[in-house]
Amino acid sequence: MEKKFMLGNEAIARGAVEAGVKVVAGYPGTPATEIVDHCAQFPGVYAEWSANEKHAFEVAAGASLTNRRSMAVMKHNGTNAAADFLMHINFTGVRAGMVLISADDPGGLSSQCEEDTRILINSYAHLPVFDPSSVQEAYAMTKAAFALSEQTELVFALRPVMRINHAGGMVEYEATVPGDRSPEFVTDRKRFVMSAVVEKESGGELRPKMRHRWLNGKQAELKAVMEQSPFNWIEPGEGDTGFIGCGIGYAFLKEAEQIHGAKLPILKLSTLPLPEQKVLSFVKGLKKVVVFEEIEPVVENLIKKMCFENKIVLEVLGRGNYLPQEGELTANLVLNAIRSALADKPYEAAPQGKYIPARTRTQCSGCSHRGLLIALKDVVRKNGGIVTGDIGCHDAGTFEPMNLQSTIFCMGSSIPMAYGIKAAGFAKPVYALIGDSTFFHNGLTGLASAIYNAADITVIIAYNSTTAMTGFQPHPGSSSNLNSRINPMDPGAVCEAMGAKVFRCNPYSVEETIAVITEATAAKGVKVVIAEALCYLKFGRDGQISYVPKQVKVDAESCNGCSVCVRTFGCPAITIINNKAVIEESACNGCGVCVFVCKRGAIK
Amino acid sequence: MKFDLVIAGVGGQGNIVASQAIAQCAMDAGFTVVNTETKGAAQRGGSVLSHVRLADREIYSPVVPHGQADVLLGFEPLEALRYINILSKGGKYIINMAPVPTILANMGIDTYPSEQEILSEVAARGLTGYRINATQAAKELGNVLLTNVIMLGAFTAIADILPAEAILHKLLSMVDPKFHEADIRAFRRGREMIAAQL
Ligand code: SF4
Ligand code: SF4
Ligand code: SF4
């Protein structure tokens, strides 16, 4: 055994590698991103950034069918994108052990939504889920999941939350990697061809129904596995009110127990399906239990069902009927709930706090997106157009002071939504603003749909050659993948081949960008504007920038303090001091975009 | 025995380096250490909170619960106020009083609270600690980026959980030797700024 301080994502990667994972595929998404990066550092492991999570899942499945252990890595939104594949691989099962990492973000700290992917994976797809309560456990669970996956022939999922992925702690690990096995693909169409085929042996039943039956039959085996699992346990304590901690909920429960100061009856649950006998033996003699889990009342509802089936009278409290139904758990929330439950009182939510001026997200000073956003804002101000937005650093253009995009949903939504607005009869121009990584993720098919249906929209692709928002991972439009240098796929060439009219501009030149967008708007059909400039933060360190740096200053004589530059544009380097705009030299990166903004010509 | 520290600041102020120096030093000293940071997207300028928890027993939550922190280091006054409820009644704060305005305050949509408002909010909770102008001191030493080192030095003047020299050594081991001299001066400066108030 060795011991090392590591973050949750490193621990998960290590667990996978020690279990003999050989193929790892993912798409960047906070909080799961670094797992793939860590895996890539181990010799003998093939790791990749796939174009999207569904494809990552499919790559991993291909490897598993070829008898090599594999892992797919994504955040919750990605699991949604991969749900179609999930609902097939659950029916076929796998060959070599295969693990799905589906990281949730309770409270949506770094996401567009909050959701509980245990529902998708377990309640819906009937696949097993581990829910780690610590970094050490995340390591141990990932490792165990591979062997169990192979044993049961089912994909095993790990559902860490932000507070596991990005938490650091001491991890004891084995530091051994099992011997390799050779790749072997054996065709087994009865299993791996999912189609409405008539099954002779099953009395002419159709295959989807028979595979569904196979999956249902697996549940007893899974329950037996979980009954023996070292990841569930009972801690005796005083009183007839019991507390159930699931995953990180257990960590908060133990923390609250220490502050509370008395030993409580605790059941720690980290697996789905639940270990039924363990749960039944825990609740014996209790009058009430409170379940702490992220995010939805999944375990709570299962325990209610279990009590009903076993004719047990027990009050089951949790996120469905007692605790807040949204947001992240905290030790304080749990402590509050323990005290209320012991006093037989309703849970009283903490009063809403006082607003403390927020630090809203914006682009870096010197970011090319700001040039693109201000140019597009100028165009729609004049023609009354609407901009649908997408995920990426540019999405902060929806906030003050830019206030540009009118919608942000999920990866790739901007393009179909834009032409949906046109289809509804909206007469003015509609623009879809999307980044390059997002375009390759889920924008391509939306664009095909738009072109095929003879839409009349202008798609603007912010081509900065990296997935900047999640920490600069390469994508198909970059000059490298995780393993080697490649020829970047030019999104403009792709769109042209699809039949779009393609225009190009450098977003640092605001006037040129306005002219190009205006010209594109006037053309008929689906137009694509490629706004190409490298991400300043990533490439600027190596001296690669897409503008000629200039020393930009405010001429105090001509500045009348109107503050248009601050109220409509918002580069963090510009502030108003004593009624004059001031550019903080140490914060300014000399991109020159702000020169356009001041109509008095005070910024030079 | 347990010791909980939170560092509140603005992205780019270097609280991660400061929290790493303390966490690693604590590990060398044989403590159980758990930490986490609220890490936003790649853009700078957001609110960043680092949690460092040490104990001689198991630690469960990576996040310091409200009312439990022994020390709160505020690298920026508004950020200190944002997380002040994490500090325990007997805990101490050290706040760098140099404000970093928010975008919304720059635009006049929000009002950045005055120093007086911030201090009275803190005092209303019955909390005590120290105020220094670490940013100003860092500028005097020739580089505003030394602010976090000054704050780290200041921390060692009020917390004896780990030897100051050990924290300094750990910090130096994490940065380029060409910055060592300036870092040592900044670290000492932080200690002196607190000593002058003790
Ligand atoms: S990380 Fe790159 S793309 Fe994102 S805001 Fe900064 S410069 Fe712009
Ligand atoms: S620089 Fe120009 S836009 Fe900004 S406040 Fe002065 S006059 Fe107004
Ligand atoms: S102040 Fe102007 S030149 Fe400097 S980074 Fe901001 S927009 Fe670019």
# chains A, B, ... in the order shown; residues from 1 in each chain; ligands from 1
$ interface_residues --of "chain B" --to "chain A" --cutoff "8 Å" --atoms "only C-alpha atoms" --output "count of residues only"
32
$ residues_around --residues "Leu372 (chain A)" --least-positions-apart "6" --cutoff "8 Å" --atoms "only C-alpha atoms" --output "number ranges by chain"
A: 462, 507-508, 510, 513, 531
$ residues_near_ligand --ligand "ligand 2" --cutoff "6 Å" --atoms "only C-alpha atoms and all ligand atoms" --output "ChimeraX atom specification"
/A:554,559-565,580-581,598,600,602-603
$ write_last_selection --atoms "C-alpha atoms" --output "mmCIF file, in the first residue's frame"
data_model
loop_
_atom_site.group_PDB
_atom_site.id
_atom_site.type_symbol
_atom_site.label_atom_id
_atom_site.label_comp_id
_atom_site.auth_asym_id
_atom_site.auth_seq_id
_atom_site.Cartn_x
_atom_site.Cartn_y
_atom_site.Cartn_z
ATOM 1 C CA VAL A 554 -8.106 56.762 -22.351
ATOM 2 C CA CYS A 559 -13.584 61.256 -22.167
ATOM 3 C CA ASN A 560 -16.809 62.754 -20.837
ATOM 4 C CA GLY A 561 -17.413 59.964 -18.343
ATOM 5 C CA CYS A 562 -20.552 58.682 -20.116
ATOM 6 C CA SER A 563 -19.452 55.171 -19.025
ATOM 7 C CA VAL A 564 -20.838 53.508 -22.162
ATOM 8 C CA CYS A 565 -17.615 51.456 -22.279
ATOM 9 C CA LYS A 580 -13.378 59.326 -16.271
ATOM 10 C CA ALA A 581 -12.789 55.934 -17.819
ATOM 11 C CA CYS A 598 -16.084 54.739 -27.395
ATOM 12 C CA ARG A 600 -16.176 59.968 -28.700
ATOM 13 C CA ALA A 602 -11.513 58.840 -26.202
ATOM 14 C CA ILE A 603 -10.027 55.340 -26.205
#
$ closest_atom_pairs --of "chain A" --to "ligand 3" --cutoff "8 Å" --atoms "only C-alpha atoms and all ligand atoms" --output "CSV"
residue,atom,partner,partner_atom_place_in_ligand_line,distance
A:Cys364,CA,ligand 3,5 (S),8.0
A:Ser365,CA,ligand 3,5 (S),4.3
A:Gly366,CA,ligand 3,5 (S),4.1
A:Cys367,CA,ligand 3,5 (S),7.5
A:Arg370,CA,ligand 3,7 (S),7.6
A:Lys550,CA,ligand 3,3 (S),7.3
A:Gln551,CA,ligand 3,3 (S),7.4
A:Val552,CA,ligand 3,3 (S),5.4
A:Cys571,CA,ligand 3,6 (Fe),4.7
A:Pro572,CA,ligand 3,6 (Fe),6.6
A:Ala573,CA,ligand 3,1 (S),4.9
A:Ile574,CA,ligand 3,1 (S),5.5
A:Ile583,CA,ligand 3,1 (S),5.5
A:Glu584,CA,ligand 3,1 (S),7.4
A:Glu585,CA,ligand 3,4 (Fe),7.8
A:Ala587,CA,ligand 3,5 (S),7.0
A:Cys588,CA,ligand 3,4 (Fe),3.7
A:Asn589,CA,ligand 3,5 (S),4.2
A:Gly590,CA,ligand 3,3 (S),3.9
A:Cys591,CA,ligand 3,8 (Fe),3.9
A:Gly592,CA,ligand 3,3 (S),3.8
A:Val593,CA,ligand 3,7 (S),4.7
A:Cys594,CA,ligand 3,2 (Fe),4.3
A:Val595,CA,ligand 3,2 (Fe),6.7
$ write_last_selection --atoms "N, CA and C atoms" --output "PDB file, in the first residue's frame"
ATOM      1  N   CYS A 364     -12.184  36.906 -20.225  1.00  0.00           N
ATOM      2  CA  CYS A 364     -10.905  37.485 -19.838  1.00  0.00           C
ATOM      3  C   CYS A 364     -10.717  38.817 -20.562  1.00  0.00           C
ATOM      4  N   SER A 365      -9.913  39.695 -19.983  1.00  0.00           N
ATOM      5  CA  SER A 365      -9.575  40.882 -20.756  1.00  0.00           C
ATOM      6  C   SER A 365      -8.683  40.391 -21.898  1.00  0.00           C
ATOM      7  N   GLY A 366      -8.946  40.894 -23.075  1.00  0.00           N
ATOM      8  CA  GLY A 366      -8.184  40.435 -24.244  1.00  0.00           C
ATOM      9  C   GLY A 366      -8.823  39.250 -24.949  1.00  0.00           C
ATOM     10  N   CYS A 367      -9.995  38.797 -24.486  1.00  0.00           N
ATOM     11  CA  CYS A 367     -10.653  37.651 -25.125  1.00  0.00           C
ATOM     12  C   CYS A 367     -11.317  38.076 -26.432  1.00  0.00           C
ATOM     13  N   ARG A 370     -15.203  38.959 -26.787  1.00  0.00           N
ATOM     14  CA  ARG A 370     -15.778  40.258 -26.477  1.00  0.00           C
ATOM     15  C   ARG A 370     -15.933  41.099 -27.743  1.00  0.00           C
ATOM     16  N   LYS A 550      -1.690  46.615 -29.019  1.00  0.00           N
ATOM     17  CA  LYS A 550      -1.402  48.049 -29.011  1.00  0.00           C
ATOM     18  C   LYS A 550      -1.569  48.574 -27.592  1.00  0.00           C
ATOM     19  N   GLN A 551      -0.883  49.671 -27.334  1.00  0.00           N
ATOM     20  CA  GLN A 551      -1.035  50.293 -26.023  1.00  0.00           C
ATOM     21  C   GLN A 551      -2.267  51.156 -26.057  1.00  0.00           C
ATOM     22  N   VAL A 552      -3.292  50.732 -25.323  1.00  0.00           N
ATOM     23  CA  VAL A 552      -4.561  51.437 -25.375  1.00  0.00           C
ATOM     24  C   VAL A 552      -4.709  52.301 -24.125  1.00  0.00           C
ATOM     25  N   CYS A 571     -15.149  45.170 -20.404  1.00  0.00           N
ATOM     26  CA  CYS A 571     -13.829  44.546 -20.234  1.00  0.00           C
ATOM     27  C   CYS A 571     -13.372  44.832 -18.808  1.00  0.00           C
ATOM     28  N   PRO A 572     -12.917  43.792 -18.064  1.00  0.00           N
ATOM     29  CA  PRO A 572     -12.560  44.003 -16.657  1.00  0.00           C
ATOM     30  C   PRO A 572     -11.426  45.007 -16.455  1.00  0.00           C
ATOM     31  N   ALA A 573     -10.700  45.342 -17.524  1.00  0.00           N
ATOM     32  CA  ALA A 573      -9.592  46.290 -17.361  1.00  0.00           C
ATOM     33  C   ALA A 573     -10.070  47.736 -17.314  1.00  0.00           C
ATOM     34  N   ILE A 574     -11.337  47.977 -17.678  1.00  0.00           N
ATOM     35  CA  ILE A 574     -11.829  49.360 -17.733  1.00  0.00           C
ATOM     36  C   ILE A 574     -12.713  49.670 -16.520  1.00  0.00           C
ATOM     37  N   ILE A 583      -8.160  52.776 -17.965  1.00  0.00           N
ATOM     38  CA  ILE A 583      -7.766  51.419 -18.325  1.00  0.00           C
ATOM     39  C   ILE A 583      -6.591  51.022 -17.444  1.00  0.00           C
ATOM     40  N   GLU A 584      -6.817  50.011 -16.633  1.00  0.00           N
ATOM     41  CA  GLU A 584      -5.780  49.528 -15.717  1.00  0.00           C
ATOM     42  C   GLU A 584      -4.732  48.792 -16.541  1.00  0.00           C
ATOM     43  N   GLU A 585      -3.550  49.383 -16.588  1.00  0.00           N
ATOM     44  CA  GLU A 585      -2.505  48.884 -17.489  1.00  0.00           C
ATOM     45  C   GLU A 585      -2.152  47.419 -17.225  1.00  0.00           C
ATOM     46  N   ALA A 587      -3.993  45.109 -16.155  1.00  0.00           N
ATOM     47  CA  ALA A 587      -5.061  44.168 -16.497  1.00  0.00           C
ATOM     48  C   ALA A 587      -5.352  44.140 -17.992  1.00  0.00           C
ATOM     49  N   CYS A 588      -4.911  45.171 -18.714  1.00  0.00           N
ATOM     50  CA  CYS A 588      -5.223  45.277 -20.145  1.00  0.00           C
ATOM     51  C   CYS A 588      -4.252  44.437 -20.962  1.00  0.00           C
ATOM     52  N   ASN A 589      -4.799  43.712 -21.925  1.00  0.00           N
ATOM     53  CA  ASN A 589      -3.945  42.906 -22.785  1.00  0.00           C
ATOM     54  C   ASN A 589      -3.801  43.488 -24.193  1.00  0.00           C
ATOM     55  N   GLY A 590      -4.230  44.717 -24.343  1.00  0.00           N
ATOM     56  CA  GLY A 590      -3.963  45.433 -25.589  1.00  0.00           C
ATOM     57  C   GLY A 590      -4.640  44.892 -26.824  1.00  0.00           C
ATOM     58  N   CYS A 591      -5.829  44.311 -26.674  1.00  0.00           N
ATOM     59  CA  CYS A 591      -6.497  43.739 -27.844  1.00  0.00           C
ATOM     60  C   CYS A 591      -7.110  44.811 -28.725  1.00  0.00           C
ATOM     61  N   GLY A 592      -7.364  46.004 -28.149  1.00  0.00           N
ATOM     62  CA  GLY A 592      -7.858  47.124 -28.945  1.00  0.00           C
ATOM     63  C   GLY A 592      -9.340  47.107 -29.255  1.00  0.00           C
ATOM     64  N   VAL A 593     -10.069  46.126 -28.780  1.00  0.00           N
ATOM     65  CA  VAL A 593     -11.494  46.028 -29.113  1.00  0.00           C
ATOM     66  C   VAL A 593     -12.269  47.235 -28.580  1.00  0.00           C
ATOM     67  N   CYS A 594     -11.867  47.732 -27.406  1.00  0.00           N
ATOM     68  CA  CYS A 594     -12.607  48.814 -26.772  1.00  0.00           C
ATOM     69  C   CYS A 594     -12.547  50.118 -27.555  1.00  0.00           C
ATOM     70  N   VAL A 595     -11.566  50.237 -28.439  1.00  0.00           N
ATOM     71  CA  VAL A 595     -11.450  51.458 -29.239  1.00  0.00           C
ATOM     72  C   VAL A 595     -12.757  51.702 -29.997  1.00  0.00           C
TER      73      VAL A 595
END
$ residues_around --residues "region 95-106 of chain A" --least-positions-apart "2" --cutoff "8 Å" --atoms "only C-alpha atoms" --output "JSON, numbers by chain"
{"A": [31, 32, 57, 60, 61, 64, 65, 66, 67, 68, 69, 70, 71, 72, 73, 74, 75, 76, 78, 79, 93, 108, 109, 110, 111, 114, 115, 116, 117, 142, 145, 146, 147, 148, 149, 150, 151, 153, 154, 155, 156, 157, 158, 159, 160, 161, 162, 165, 294, 295, 327, 328, 329]}
$ write_last_selection --atoms "C-alpha atoms" --output "CSV table (one decimal), in the first residue's frame"
chain,number,residue,atom,x,y,z
A,31,PRO,CA,-16.5,18.4,-12.4
A,32,ALA,CA,-15.3,15.3,-14.2
A,57,PHE,CA,-19.7,5.9,-24.3
A,60,ALA,CA,-15.7,2.6,-24.4
A,61,ALA,CA,-18.4,0.0,-25.3
A,64,SER,CA,-15.4,-3.7,-23.8
A,65,LEU,CA,-16.8,-5.9,-26.5
A,66,THR,CA,-13.2,-6.4,-27.6
A,67,ASN,CA,-12.4,-7.8,-24.2
A,68,ARG,CA,-10.5,-4.9,-22.8
A,69,ARG,CA,-11.6,-2.9,-19.8
A,70,SER,CA,-12.9,0.5,-20.6
A,71,MET,CA,-14.4,3.6,-19.0
A,72,ALA,CA,-16.6,6.5,-20.2
A,73,VAL,CA,-16.3,9.8,-18.4
A,74,MET,CA,-18.8,12.7,-18.4
A,75,LYS,CA,-20.8,15.1,-16.3
A,76,HIS,CA,-24.5,14.8,-15.9
A,78,GLY,CA,-23.3,14.4,-20.9
A,79,THR,CA,-25.1,11.4,-19.5
A,93,GLY,CA,-24.6,-6.0,-21.3
A,108,GLY,CA,-25.4,23.6,-10.4
A,109,LEU,CA,-22.2,25.3,-9.1
A,110,SER,CA,-20.7,24.9,-12.6
A,111,SER,CA,-23.6,23.8,-14.8
A,114,GLU,CA,-28.9,20.4,-11.6
A,115,GLU,CA,-30.0,16.8,-11.8
A,116,ASP,CA,-29.5,13.4,-10.3
A,117,THR,CA,-28.2,10.9,-12.9
A,142,THR,CA,-13.9,2.6,-9.2
A,145,ALA,CA,-16.6,-1.6,-10.2
A,146,PHE,CA,-14.6,-3.1,-13.0
A,147,ALA,CA,-14.5,-6.6,-11.5
A,148,LEU,CA,-18.2,-6.5,-10.7
A,149,SER,CA,-19.0,-5.3,-14.1
A,150,GLU,CA,-17.3,-8.2,-15.6
A,151,GLN,CA,-18.8,-10.6,-13.1
A,153,GLU,CA,-21.9,-8.4,-17.4
A,154,LEU,CA,-23.4,-5.0,-16.7
A,155,VAL,CA,-22.0,-1.5,-17.0
A,156,PHE,CA,-21.3,-0.2,-13.5
A,157,ALA,CA,-21.6,3.5,-12.9
A,158,LEU,CA,-19.9,5.8,-10.4
A,159,ARG,CA,-21.8,8.9,-9.6
A,160,PRO,CA,-19.4,11.3,-7.8
A,161,VAL,CA,-20.5,14.8,-7.0
A,162,MET,CA,-18.5,18.1,-7.3
A,165,ASN,CA,-14.3,15.2,-7.8
A,294,GLU,CA,-27.9,14.3,-3.4
A,295,ILE,CA,-30.2,15.4,-5.2
A,327,GLY,CA,-29.6,22.5,-4.1
A,328,GLU,CA,-26.6,21.1,-2.4
A,329,LEU,CA,-26.6,19.4,1.0
$ select_by_dssp --residues "region 298-475 of chain A" --states "helix (DSSP H, G or I)" --output "MDAnalysis selection string"
chainID A and resid 298:309 331:342 368:383 393:398 414:423 436:452
$ write_last_selection --atoms "C-alpha atoms" --output "short mmCIF file (atom, residue, chain, number, x, y, z; two decimals), in the first residue's frame"
data_model
loop_
_atom_site.label_atom_id
_atom_site.label_comp_id
_atom_site.auth_asym_id
_atom_site.auth_seq_id
_atom_site.Cartn_x
_atom_site.Cartn_y
_atom_site.Cartn_z
CA VAL A 298 -34.11 8.13 -4.89
CA VAL A 299 -33.06 6.09 -1.85
CA GLU A 300 -35.85 7.62 0.20
CA ASN A 301 -38.48 6.37 -2.24
CA LEU A 302 -36.89 2.93 -2.47
CA ILE A 303 -36.95 2.61 1.32
CA LYS A 304 -40.61 3.66 1.43
CA LYS A 305 -41.39 0.97 -1.13
CA MET A 306 -39.38 -1.58 0.83
CA CYS A 307 -41.26 -0.76 4.03
CA PHE A 308 -44.59 -1.02 2.22
CA GLU A 309 -43.70 -4.42 0.76
CA ALA A 331 -23.21 19.77 7.09
CA ASN A 332 -25.17 22.70 8.52
CA LEU A 333 -28.33 21.66 6.70
CA VAL A 334 -27.91 18.09 7.95
CA LEU A 335 -27.27 19.26 11.52
CA ASN A 336 -30.39 21.40 11.38
CA ALA A 337 -32.37 18.39 10.14
CA ILE A 338 -30.98 16.11 12.87
CA ARG A 339 -32.05 18.56 15.56
CA SER A 340 -35.50 19.10 14.04
CA ALA A 341 -36.11 15.38 13.53
CA LEU A 342 -35.05 14.53 17.10
CA SER A 368 -11.74 37.58 -28.77
CA HIS A 369 -15.32 36.73 -27.78
CA ARG A 370 -15.78 40.26 -26.48
CA GLY A 371 -15.08 41.64 -29.94
CA LEU A 372 -17.52 39.20 -31.49
CA LEU A 373 -20.21 39.92 -28.90
CA ILE A 374 -19.98 43.69 -29.26
CA ALA A 375 -20.04 43.41 -33.06
CA LEU A 376 -23.11 41.18 -33.04
CA LYS A 377 -24.75 43.44 -30.47
CA ASP A 378 -24.23 46.35 -32.82
CA VAL A 379 -25.84 44.42 -35.69
CA VAL A 380 -28.95 43.30 -33.77
CA ARG A 381 -29.38 46.72 -32.19
CA LYS A 382 -29.88 48.05 -35.70
CA ASN A 383 -31.93 45.25 -37.27
CA CYS A 393 -17.03 31.24 -22.43
CA HIS A 394 -19.13 33.40 -24.79
CA ASP A 395 -22.29 32.47 -22.87
CA ALA A 396 -21.36 35.14 -20.32
CA GLY A 397 -22.48 37.48 -23.12
CA THR A 398 -26.00 36.86 -21.81
CA SER A 414 -28.62 27.36 -30.51
CA ILE A 415 -28.92 26.30 -34.16
CA PRO A 416 -32.22 24.36 -34.17
CA MET A 417 -33.78 26.90 -31.80
CA ALA A 418 -32.76 29.73 -34.12
CA TYR A 419 -34.54 28.25 -37.09
CA GLY A 420 -37.47 27.21 -34.92
CA ILE A 421 -37.94 30.90 -34.19
CA LYS A 422 -37.92 31.56 -37.95
CA ALA A 423 -40.30 28.64 -38.57
CA ASP A 436 -16.14 25.40 -32.00
CA SER A 437 -16.01 22.55 -29.45
CA THR A 438 -19.79 22.74 -29.00
CA PHE A 439 -20.26 22.82 -32.77
CA PHE A 440 -18.45 19.51 -33.14
CA HIS A 441 -20.18 18.14 -30.03
CA ASN A 442 -23.79 18.60 -31.06
CA GLY A 443 -23.99 21.48 -33.52
CA LEU A 444 -23.24 19.56 -36.72
CA THR A 445 -26.52 17.67 -36.83
CA GLY A 446 -28.48 20.81 -35.93
CA LEU A 447 -26.82 22.56 -38.84
CA ALA A 448 -27.62 19.66 -41.18
CA SER A 449 -31.22 19.89 -40.05
CA ALA A 450 -31.28 23.65 -40.70
CA ILE A 451 -29.75 23.36 -44.18
CA TYR A 452 -31.93 20.40 -45.11
#
$ select_by_dssp --residues "region 40-180 of chain B" --states "strand (DSSP E)" --output "NGL selection string"
:B and (47-55 or 69-74 or 87-96 or 128-132)
$ write_last_selection --atoms "N, CA, C and O atoms" --output "short mmCIF file (atom, residue, chain, number, x, y, z; two decimals), in the first residue's frame"
data_model
loop_
_atom_site.label_atom_id
_atom_site.label_comp_id
_atom_site.auth_asym_id
_atom_site.auth_seq_id
_atom_site.Cartn_x
_atom_site.Cartn_y
_atom_site.Cartn_z
N SER B 47 -15.29 34.63 -7.70
CA SER B 47 -15.07 34.44 -6.27
C SER B 47 -14.48 33.04 -6.05
O SER B 47 -14.98 32.08 -6.62
N VAL B 48 -13.39 32.94 -5.30
CA VAL B 48 -12.76 31.64 -5.06
C VAL B 48 -12.64 31.39 -3.56
O VAL B 48 -12.17 32.24 -2.83
N LEU B 49 -13.08 30.23 -3.13
CA LEU B 49 -12.98 29.88 -1.71
C LEU B 49 -12.22 28.57 -1.58
O LEU B 49 -12.58 27.56 -2.18
N SER B 50 -11.14 28.59 -0.79
CA SER B 50 -10.38 27.37 -0.54
C SER B 50 -10.63 26.92 0.89
O SER B 50 -10.64 27.74 1.80
N HIS B 51 -10.84 25.63 1.06
CA HIS B 51 -11.02 25.05 2.39
C HIS B 51 -9.81 24.18 2.69
O HIS B 51 -9.45 23.34 1.86
N VAL B 52 -9.20 24.34 3.86
CA VAL B 52 -8.13 23.43 4.29
C VAL B 52 -8.50 22.94 5.69
O VAL B 52 -8.69 23.75 6.60
N ARG B 53 -8.63 21.65 5.83
CA ARG B 53 -9.02 21.08 7.12
C ARG B 53 -7.94 20.12 7.60
O ARG B 53 -7.53 19.23 6.88
N LEU B 54 -7.44 20.33 8.83
CA LEU B 54 -6.46 19.40 9.38
C LEU B 54 -6.99 18.85 10.70
O LEU B 54 -7.69 19.55 11.43
N ALA B 55 -6.62 17.62 10.98
CA ALA B 55 -7.04 17.01 12.24
C ALA B 55 -6.13 15.84 12.53
O ALA B 55 -5.38 15.37 11.67
N ALA B 69 -14.89 27.42 11.17
CA ALA B 69 -13.51 27.75 10.80
C ALA B 69 -12.76 28.42 11.95
O ALA B 69 -13.30 29.27 12.65
N ASP B 70 -11.51 28.01 12.13
CA ASP B 70 -10.67 28.62 13.16
C ASP B 70 -10.06 29.91 12.66
O ASP B 70 -9.84 30.84 13.41
N VAL B 71 -9.76 29.93 11.35
CA VAL B 71 -9.21 31.16 10.76
C VAL B 71 -9.86 31.38 9.39
O VAL B 71 -10.05 30.44 8.63
N LEU B 72 -10.19 32.63 9.11
CA LEU B 72 -10.62 33.01 7.77
C LEU B 72 -9.62 34.03 7.25
O LEU B 72 -9.38 35.05 7.89
N LEU B 73 -8.98 33.70 6.14
CA LEU B 73 -8.11 34.66 5.49
C LEU B 73 -8.90 35.28 4.35
O LEU B 73 -9.30 34.59 3.42
N GLY B 74 -9.14 36.58 4.45
CA GLY B 74 -9.86 37.26 3.38
C GLY B 74 -8.86 38.02 2.54
O GLY B 74 -8.28 39.00 2.99
N LEU B 87 -16.72 31.36 9.77
CA LEU B 87 -15.83 31.53 10.93
C LEU B 87 -16.56 31.17 12.22
O LEU B 87 -17.73 31.51 12.40
N SER B 88 -15.84 30.50 13.13
CA SER B 88 -16.45 30.15 14.41
C SER B 88 -16.40 31.35 15.35
O SER B 88 -15.64 32.30 15.12
N LYS B 89 -17.20 31.30 16.38
CA LYS B 89 -17.28 32.43 17.32
C LYS B 89 -15.91 32.79 17.89
O LYS B 89 -15.57 33.94 18.03
N GLY B 90 -15.12 31.76 18.20
CA GLY B 90 -13.81 32.04 18.78
C GLY B 90 -12.72 32.17 17.74
O GLY B 90 -11.54 32.32 18.08
N GLY B 91 -13.09 32.08 16.47
CA GLY B 91 -12.09 32.12 15.40
C GLY B 91 -11.57 33.53 15.14
O GLY B 91 -12.06 34.50 15.71
N LYS B 92 -10.55 33.60 14.30
CA LYS B 92 -9.97 34.91 13.97
C LYS B 92 -9.96 35.11 12.46
O LYS B 92 -9.71 34.16 11.71
N TYR B 93 -10.19 36.34 12.06
CA TYR B 93 -10.03 36.64 10.64
C TYR B 93 -8.82 37.52 10.41
O TYR B 93 -8.40 38.25 11.32
N ILE B 94 -8.25 37.43 9.23
CA ILE B 94 -7.30 38.44 8.77
C ILE B 94 -7.83 38.89 7.41
O ILE B 94 -8.01 38.07 6.50
N ILE B 95 -8.14 40.16 7.29
CA ILE B 95 -8.70 40.65 6.03
C ILE B 95 -7.77 41.67 5.39
O ILE B 95 -7.34 42.63 6.05
N ASN B 96 -7.46 41.41 4.13
CA ASN B 96 -6.74 42.39 3.32
C ASN B 96 -7.78 43.41 2.88
O ASN B 96 -8.72 43.08 2.16
N THR B 128 -13.93 38.64 15.73
CA THR B 128 -12.77 39.51 15.87
C THR B 128 -11.62 39.02 15.00
O THR B 128 -11.59 37.86 14.60
N GLY B 129 -10.69 39.93 14.75
CA GLY B 129 -9.53 39.55 13.94
C GLY B 129 -8.68 40.75 13.59
O GLY B 129 -8.66 41.73 14.34
N TYR B 130 -8.02 40.68 12.45
CA TYR B 130 -7.05 41.70 12.08
C TYR B 130 -7.33 42.20 10.68
O TYR B 130 -7.78 41.46 9.81
N ARG B 131 -7.03 43.48 10.48
CA ARG B 131 -7.16 44.07 9.15
C ARG B 131 -5.81 44.59 8.73
O ARG B 131 -5.13 45.25 9.51
N ILE B 132 -5.40 44.24 7.53
CA ILE B 132 -4.13 44.77 7.04
C ILE B 132 -4.34 45.21 5.59
O ILE B 132 -5.31 44.80 4.95
#
$ atom_distance --atom1 "CA of Asn321 (chain A)" --atom2 "CA of Phe130 (chain A)"
24.2 Å
$ atom_distance --atom1 "CA of Ala56 (chain A)" --atom2 "CA of Val23 (chain A)"
10.2 Å
